[in-house]
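Novice: Shown below is the structure under consideration.
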Amino acid sequence: MIKYKKMCHMKGKIMDKYAETSKRLISFLDTNPSPFHVVAALGKMYEKAGFKRLLEKEKFEVKRGGNYYVTRNNSSIAAFKIPEKDFKGFNITAAHSDSPTFKIKANAEINVEKNFVKLNVEKYGGMLMAPWFDRPLGIAGRVMIKNGEKIEEHLLHIDRDIVMMPNLAIHMNREANEGYKYNAQTDTEPIFAELGSEITLQDIIARELNVSKEAILDTDLFLTNRMKGTIWGADNEFIAAGRLDDLQCVFAGAESLIEAENKENIALHCVFDNEEVGSGTKQGAASTFLKDVLMRVNRALGGDEESYFQAVARSFMVSADNAHSVHPNYTEKADPCNRPMVNKGVVIKYNANQKYTTDAVSGAVFRDICKEAGVPVQTFTNRSDVSGGSTLGNISNAQVSLNAVDIGMAQWAMHSPYESGGVKDTYYLEEAMKKFFETDISAKL
Ligand code: CO
């Protein structure tokens, strides 16, 4: 009896640290509905932890022992800690701030039968479309406002049930459950208003931001799933929320960086926008953003081109983007030998065609770090007859070429507006990343 109680107590205690981390993640997800909100929130987190903001358009003034962050397009952000002594290399984690959603097009209002107003939207990224239907949706993103001579960028989060994509009733489409092909133009135009209510989207934006309609110059606005994140399961084993891919890795990287103590290397957490649409923007992983930051920091600390190349050769990147768990209803979809599960630790991803950067060298280094951190490790490979996704590591390696490993947390329903994963995994990732930031890679290789 005593033994049983002790076990429950111990189990309760263990679950607490996992649940606590998951709860912090969920609150981050619930309050940051767009990449612009994510980057603003990370900036606040870093500032609270003593990081100073650098601007790309001004000289980088950095000192040994200092902590800094820099943004690009307000949707990508790199934060870093400089050690007190000469740094050897860069220990970099990377994740992405964007997730598949619908973008509201310009002049979006469409009148139907002189009675309804719906919005014209287009897909952003490759999503599961069905789960966007029949749930209240909000709107979030950024709005450019004319203020005197200046054009200002404002965050917008219409945090209420404002649009909906109702399904067509089964009676009007008897084959709905036989498989349905969605038309990205006509099936997904969300209903916004009754005609005659005389409230336009512009009116609502102006009211939310307390500006005149005429001051609104342009917008980047997206639909958001308003269902709050939750911890679920018989023993609260699981979590679910919108945008676990990839904000689970974004958030874990930021918390780990803040906590990590780096003695030999510059520890840096980089969050890129536009991974879901190919990374080819000025702020994406294919851009010069990361390289520019590394070169400028190296130069500001007195380094030259030669010392930059040496530092990159001593550097390592952990490209963190979520992975697929074995799905209990579709077990045959996973590779026969490598079968990642939620709650079973960090997943290292391999692909012979190098969609993932992991090779024997980077895999060995990261496995070793996880072992030192006491974090369980799993392996992901696609079935050989399935071509999987791509991610940040191989793309960013074209600009900054270094040893890199692709990892992620196991999850279900990737690219649904509501994804599920394990309650323990965010904690595991934080432990692994913290250990990574504190590791002198050049002592291992
Ligand atoms: Co992703």
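Convention: chains lettered A, B, ... in structure tokens order; per-chain residue numbering from 1; ligands numbered from 1 as shown.
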Would you tabulate, counting only C-alpha atoms and all ligand atoms, all residues of chain A that have an atom at most 12 Å from an atom of ligand 1, showing the closest pair of atoms and their distance in Å to one decimal, sorted by chain then ascending number, as JSON lines?
Specialist:
```
{"residue": "A:Ala94", "atom": "CA", "partner": "ligand 1", "partner_atom_place_in_ligand_line": "1 (Co)", "distance": 11.0}
{"residue": "A:Ala95", "atom": "CA", "partner": "ligand 1", "partner_atom_place_in_ligand_line": "1 (Co)", "distance": 7.8}
{"residue": "A:His96", "atom": "CA", "partner": "ligand 1", "partner_atom_place_in_ligand_line": "1 (Co)", "distance": 6.6}
{"residue": "A:Ser97", "atom": "CA", "partner": "ligand 1", "partner_atom_place_in_ligand_line": "1 (Co)", "distance": 8.8}
{"residue": "A:Asp98", "atom": "CA", "partner": "ligand 1", "partner_atom_place_in_ligand_line": "1 (Co)", "distance": 8.1}
{"residue": "A:Ser99", "atom": "CA", "partner": "ligand 1", "partner_atom_place_in_ligand_line": "1 (Co)", "distance": 7.2}
{"residue": "A:Pro100", "atom": "CA", "partner": "ligand 1", "partner_atom_place_in_ligand_line": "1 (Co)", "distance": 9.2}
{"residue": "A:Gly125", "atom": "CA", "partner": "ligand 1", "partner_atom_place_in_ligand_line": "1 (Co)", "distance": 10.4}
{"residue": "A:Gly126", "atom": "CA", "partner": "ligand 1", "partner_atom_place_in_ligand_line": "1 (Co)", "distance": 10.7}
{"residue": "A:Met127", "atom": "CA", "partner": "ligand 1", "partner_atom_place_in_ligand_line": "1 (Co)", "distance": 11.3}
{"residue": "A:Arg243", "atom": "CA", "partner": "ligand 1", "partner_atom_place_in_ligand_line": "1 (Co)", "distance": 8.9}
{"residue": "A:Leu244", "atom": "CA", "partner": "ligand 1", "partner_atom_place_in_ligand_line": "1 (Co)", "distance": 8.6}
{"residue": "A:Asp245", "atom": "CA", "partner": "ligand 1", "partner_atom_place_in_ligand_line": "1 (Co)", "distance": 4.8}
{"residue": "A:Asp246", "atom": "CA", "partner": "ligand 1", "partner_atom_place_in_ligand_line": "1 (Co)", "distance": 4.8}
{"residue": "A:Leu247", "atom": "CA", "partner": "ligand 1", "partner_atom_place_in_ligand_line": "1 (Co)", "distance": 8.6}
{"residue": "A:Gln248", "atom": "CA", "partner": "ligand 1", "partner_atom_place_in_ligand_line": "1 (Co)", "distance": 9.8}
{"residue": "A:Cys249", "atom": "CA", "partner": "ligand 1", "partner_atom_place_in_ligand_line": "1 (Co)", "distance": 9.1}
{"residue": "A:Val250", "atom": "CA", "partner": "ligand 1", "partner_atom_place_in_ligand_line": "1 (Co)", "distance": 10.3}
{"residue": "A:Val271", "atom": "CA", "partner": "ligand 1", "partner_atom_place_in_ligand_line": "1 (Co)", "distance": 11.5}
{"residue": "A:Phe272", "atom": "CA", "partner": "ligand 1", "partner_atom_place_in_ligand_line": "1 (Co)", "distance": 10.7}
{"residue": "A:Asp273", "atom": "CA", "partner": "ligand 1", "partner_atom_place_in_ligand_line": "1 (Co)", "distance": 10.6}
{"residue": "A:Asn274", "atom": "CA", "partner": "ligand 1", "partner_atom_place_in_ligand_line": "1 (Co)", "distance": 10.0}
{"residue": "A:Glu275", "atom": "CA", "partner": "ligand 1", "partner_atom_place_in_ligand_line": "1 (Co)", "distance": 7.0}
{"residue": "A:Glu276", "atom": "CA", "partner": "ligand 1", "partner_atom_place_in_ligand_line": "1 (Co)", "distance": 6.9}
{"residue": "A:Val277", "atom": "CA", "partner": "ligand 1", "partner_atom_place_in_ligand_line": "1 (Co)", "distance": 10.6}
{"residue": "A:Gly278", "atom": "CA", "partner": "ligand 1", "partner_atom_place_in_ligand_line": "1 (Co)", "distance": 11.1}
{"residue": "A:Ser279", "atom": "CA", "partner": "ligand 1", "partner_atom_place_in_ligand_line": "1 (Co)", "distance": 11.3}
{"residue": "A:Ser319", "atom": "CA", "partner": "ligand 1", "partner_atom_place_in_ligand_line": "1 (Co)", "distance": 10.3}
{"residue": "A:Ala320", "atom": "CA", "partner": "ligand 1", "partner_atom_place_in_ligand_line": "1 (Co)", "distance": 8.3}
{"residue": "A:Asp321", "atom": "CA", "partner": "ligand 1", "partner_atom_place_in_ligand_line": "1 (Co)", "distance": 4.8}
{"residue": "A:Asn322", "atom": "CA", "partner": "ligand 1", "partner_atom_place_in_ligand_line": "1 (Co)", "distance": 5.6}
{"residue": "A:Ala323", "atom": "CA", "partner": "ligand 1", "partner_atom_place_in_ligand_line": "1 (Co)", "distance": 8.1}
{"residue": "A:His324", "atom": "CA", "partner": "ligand 1", "partner_atom_place_in_ligand_line": "1 (Co)", "distance": 10.6}
{"residue": "A:Gly388", "atom": "CA", "partner": "ligand 1", "partner_atom_place_in_ligand_line": "1 (Co)", "distance": 11.8}
{"residue": "A:Gly389", "atom": "CA", "partner": "ligand 1", "partner_atom_place_in_ligand_line": "1 (Co)", "distance": 8.7}
{"residue": "A:Ser390", "atom": "CA", "partner": "ligand 1", "partner_atom_place_in_ligand_line": "1 (Co)", "distance": 8.5}
{"residue": "A:Thr391", "atom": "CA", "partner": "ligand 1", "partner_atom_place_in_ligand_line": "1 (Co)", "distance": 6.6}
{"residue": "A:Leu392", "atom": "CA", "partner": "ligand 1", "partner_atom_place_in_ligand_line": "1 (Co)", "distance": 8.5}
{"residue": "A:Gly393", "atom": "CA", "partner": "ligand 1", "partner_atom_place_in_ligand_line": "1 (Co)", "distance": 11.4}
{"residue": "A:Asp406", "atom": "CA", "partner": "ligand 1", "partner_atom_place_in_ligand_line": "1 (Co)", "distance": 11.3}
{"residue": "A:Ile407", "atom": "CA", "partner": "ligand 1", "partner_atom_place_in_ligand_line": "1 (Co)", "distance": 10.7}
{"residue": "A:Gly408", "atom": "CA", "partner": "ligand 1", "partner_atom_place_in_ligand_line": "1 (Co)", "distance": 8.8}
{"residue": "A:Met409", "atom": "CA", "partner": "ligand 1", "partner_atom_place_in_ligand_line": "1 (Co)", "distance": 10.3}
{"residue": "A:Ala410", "atom": "CA", "partner": "ligand 1", "partner_atom_place_in_ligand_line": "1 (Co)", "distance": 11.5}
{"residue": "A:Gln411", "atom": "CA", "partner": "ligand 1", "partner_atom_place_in_ligand_line": "1 (Co)", "distance": 10.9}
{"residue": "A:Ala413", "atom": "CA", "partner": "ligand 1", "partner_atom_place_in_ligand_line": "1 (Co)", "distance": 11.9}
{"residue": "A:Met414", "atom": "CA", "partner": "ligand 1", "partner_atom_place_in_ligand_line": "1 (Co)", "distance": 8.2}
{"residue": "A:His415", "atom": "CA", "partner": "ligand 1", "partner_atom_place_in_ligand_line": "1 (Co)", "distance": 8.2}
{"residue": "A:Ser416", "atom": "CA", "partner": "ligand 1", "partner_atom_place_in_ligand_line": "1 (Co)", "distance": 11.6}
{"residue": "A:Glu419", "atom": "CA", "partner": "ligand 1", "partner_atom_place_in_ligand_line": "1 (Co)", "distance": 11.8}
```
Novice: Deliver the residues from the most recent selection as a file, using C-alpha atoms, as a compact mmCIF listing (two decimals), in the first residue's frame.
Specialist:
```txt
# COMPACT_ATOMS: atom_id res chain seq x y z
CA ALA A 94 16.31 26.61 -35.84
CA ALA A 95 12.53 26.38 -36.01
CA HIS A 96 9.75 28.09 -37.99
CA SER A 97 7.16 30.67 -36.98
CA ASP A 98 4.54 30.00 -39.67
CA SER A 99 1.89 27.30 -40.03
CA PRO A 100 -0.56 26.45 -42.81
CA GLY A 125 0.95 26.23 -47.18
CA GLY A 126 -0.21 22.64 -47.56
CA MET A 127 -2.91 21.98 -45.00
CA ARG A 243 0.29 25.20 -34.68
CA LEU A 244 2.24 22.66 -32.60
CA ASP A 245 4.19 22.41 -35.88
CA ASP A 246 6.37 24.27 -35.37
CA LEU A 247 5.71 26.50 -32.36
CA GLN A 248 6.45 23.58 -30.03
CA CYS A 249 10.08 23.76 -31.24
CA VAL A 250 10.04 27.59 -31.42
CA VAL A 271 13.10 31.26 -35.91
CA PHE A 272 12.32 31.60 -39.63
CA ASP A 273 9.07 32.56 -41.31
CA ASN A 274 7.71 31.04 -44.54
CA GLU A 275 8.91 27.44 -44.07
CA GLU A 276 5.46 26.25 -45.14
CA VAL A 277 5.75 27.99 -48.51
CA GLY A 278 9.32 27.02 -49.43
CA SER A 279 11.45 29.40 -47.28
CA SER A 319 17.01 22.07 -37.14
CA ALA A 320 13.88 21.47 -35.07
CA ASP A 321 10.61 20.85 -36.87
CA ASN A 322 7.99 18.39 -35.74
CA ALA A 323 7.89 14.73 -36.79
CA HIS A 324 5.15 12.13 -37.30
CA GLY A 388 8.01 12.99 -46.99
CA GLY A 389 8.28 16.66 -46.19
CA SER A 390 11.27 18.95 -46.23
CA THR A 391 12.33 21.42 -43.56
CA LEU A 392 14.77 24.15 -42.53
CA GLY A 393 18.14 22.42 -42.18
CA ASP A 406 17.06 17.41 -38.25
CA ILE A 407 14.89 16.62 -35.27
CA GLY A 408 11.36 17.20 -34.01
CA MET A 409 8.67 16.15 -31.57
CA ALA A 410 6.39 13.29 -32.59
CA GLN A 411 2.85 14.45 -33.30
CA ALA A 413 -2.46 15.41 -37.60
CA MET A 414 0.39 17.59 -38.85
CA HIS A 415 -0.96 20.62 -40.76
CA SER A 416 -4.45 20.30 -39.33
CA GLU A 419 -2.71 19.06 -33.86
```
Novice: Could you pull out all residues of region 49-247 of chain A with a DSSP call of helix (DSSP H, G or I) and give them as a list in words?
Specialist: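 Result set for region 49-247 of chain A (helix (DSSP H, G or I)): Ala130, Pro131, Trp132, Ile170, His171, Met172, Ala176, Asn177, Glu178, Leu201, Gln202, Asp203, Ile204, Ile205, Ala206, Arg207, Glu208, Leu209, Lys213, Glu214, Ala215, Leu244, Asp245, Asp246 and Leu247 of chain A.
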Novice: Generate a file of the selected residues that holds C-alpha atoms, formatted as a PDB file, in the first residue's frame.
Specialist:
```pdb
ATOM      1  CA  ALA A 130     -11.481  19.386 -43.767  1.00  0.00           C
ATOM      2  CA  PRO A 131     -10.848  20.344 -40.115  1.00  0.00           C
ATOM      3  CA  TRP A 132     -11.115  24.065 -40.957  1.00  0.00           C
ATOM      4  CA  ILE A 170     -24.919  15.420 -45.982  1.00  0.00           C
ATOM      5  CA  HIS A 171     -28.411  15.614 -47.603  1.00  0.00           C
ATOM      6  CA  MET A 172     -26.999  17.850 -50.347  1.00  0.00           C
ATOM      7  CA  ALA A 176     -19.443  13.405 -48.639  1.00  0.00           C
ATOM      8  CA  ASN A 177     -18.105  10.458 -46.637  1.00  0.00           C
ATOM      9  CA  GLU A 178     -16.780   8.628 -49.701  1.00  0.00           C
ATOM     10  CA  LEU A 201     -13.847  44.099 -42.680  1.00  0.00           C
ATOM     11  CA  GLN A 202     -12.101  47.469 -43.039  1.00  0.00           C
ATOM     12  CA  ASP A 203     -14.513  48.934 -40.445  1.00  0.00           C
ATOM     13  CA  ILE A 204     -13.640  46.178 -37.994  1.00  0.00           C
ATOM     14  CA  ILE A 205      -9.889  46.532 -38.542  1.00  0.00           C
ATOM     15  CA  ALA A 206     -10.116  50.319 -38.111  1.00  0.00           C
ATOM     16  CA  ARG A 207     -12.152  49.923 -34.926  1.00  0.00           C
ATOM     17  CA  GLU A 208      -9.812  47.275 -33.471  1.00  0.00           C
ATOM     18  CA  LEU A 209      -6.767  49.474 -34.101  1.00  0.00           C
ATOM     19  CA  LYS A 213     -10.362  53.424 -42.435  1.00  0.00           C
ATOM     20  CA  GLU A 214      -8.461  55.757 -44.737  1.00  0.00           C
ATOM     21  CA  ALA A 215      -5.265  55.219 -42.701  1.00  0.00           C
ATOM     22  CA  LEU A 244       2.243  22.658 -32.597  1.00  0.00           C
ATOM     23  CA  ASP A 245       4.186  22.414 -35.877  1.00  0.00           C
ATOM     24  CA  ASP A 246       6.368  24.270 -35.372  1.00  0.00           C
ATOM     25  CA  LEU A 247       5.709  26.499 -32.360  1.00  0.00           C
TER      26      LEU A 247
END
```
Novice: Within 6 Å of region 61-77 of chain A, counting only C-alpha atoms, which residues qualify if same-chain residues fewer than 4 places away don't, as a list in words?
Specialist: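 The filter keeps Pro35, Phe36, Val39, Phe51, Lys52, Arg53, Leu54, Lys81, Ile82, Pro83, Glu84, Cys270, Val271, Phe272, Asp273 and Gln283 of chain A.
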Novice: Between CA of Leu402 (chain A) and CA of Val346 (chain A), what is the distance in Å, rounded to a tenth?
Specialist: 21.2 Å
Novice: Pick out the closest residue to Leu55 (chain A) from this set: A:Leu155, A:Ala78, A:Met433, A:Asn298. Count only C-alpha atoms.
Specialist: A:Ala78
Novice: Using only C-alpha atoms, which protein or nucleic acid residues come within 10 Å of region 327-332 of chain A? Drop anything in the same chain fewer than 5 positions from it, and give the result as a PyMOL selection string.
Specialist: chain A and resi 339-342+383+411-413
Novice: With distances taken over only C-alpha atoms, which of A:Leu290, A:Val423, A:Val361, A:Cys337 is nearest to Phe380 (chain A)?
Specialist: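 Among the listed residues, the smallest separation from Phe380 (chain A) belongs to A:Cys337.
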Novice: Which residue, A:Asp134, A:Ala241, A:Val375, A:Ala140, has the smallest gap to Gly229 (chain A) when you use only C-alpha atoms?
Specialist: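 Checking each of A:Asp134, A:Ala241, A:Val375, A:Ala140 against Gly229 (chain A), counting only C-alpha atoms, the winner is A:Ala241.
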Novice: Among region 17-133 of chain A, which ones does DSSP place in strand (DSSP E), written as a PyMOL selection string?
Specialist: chain A and resi 52-54+67-72+76-81+90-96+101-112+116-124
Novice: Using only C-alpha atoms, which of A:Phe222, A:Tyr428, A:Phe289, A:Tyr350 sits nearest Ile104 (chain A)?
Specialist: A:Phe222
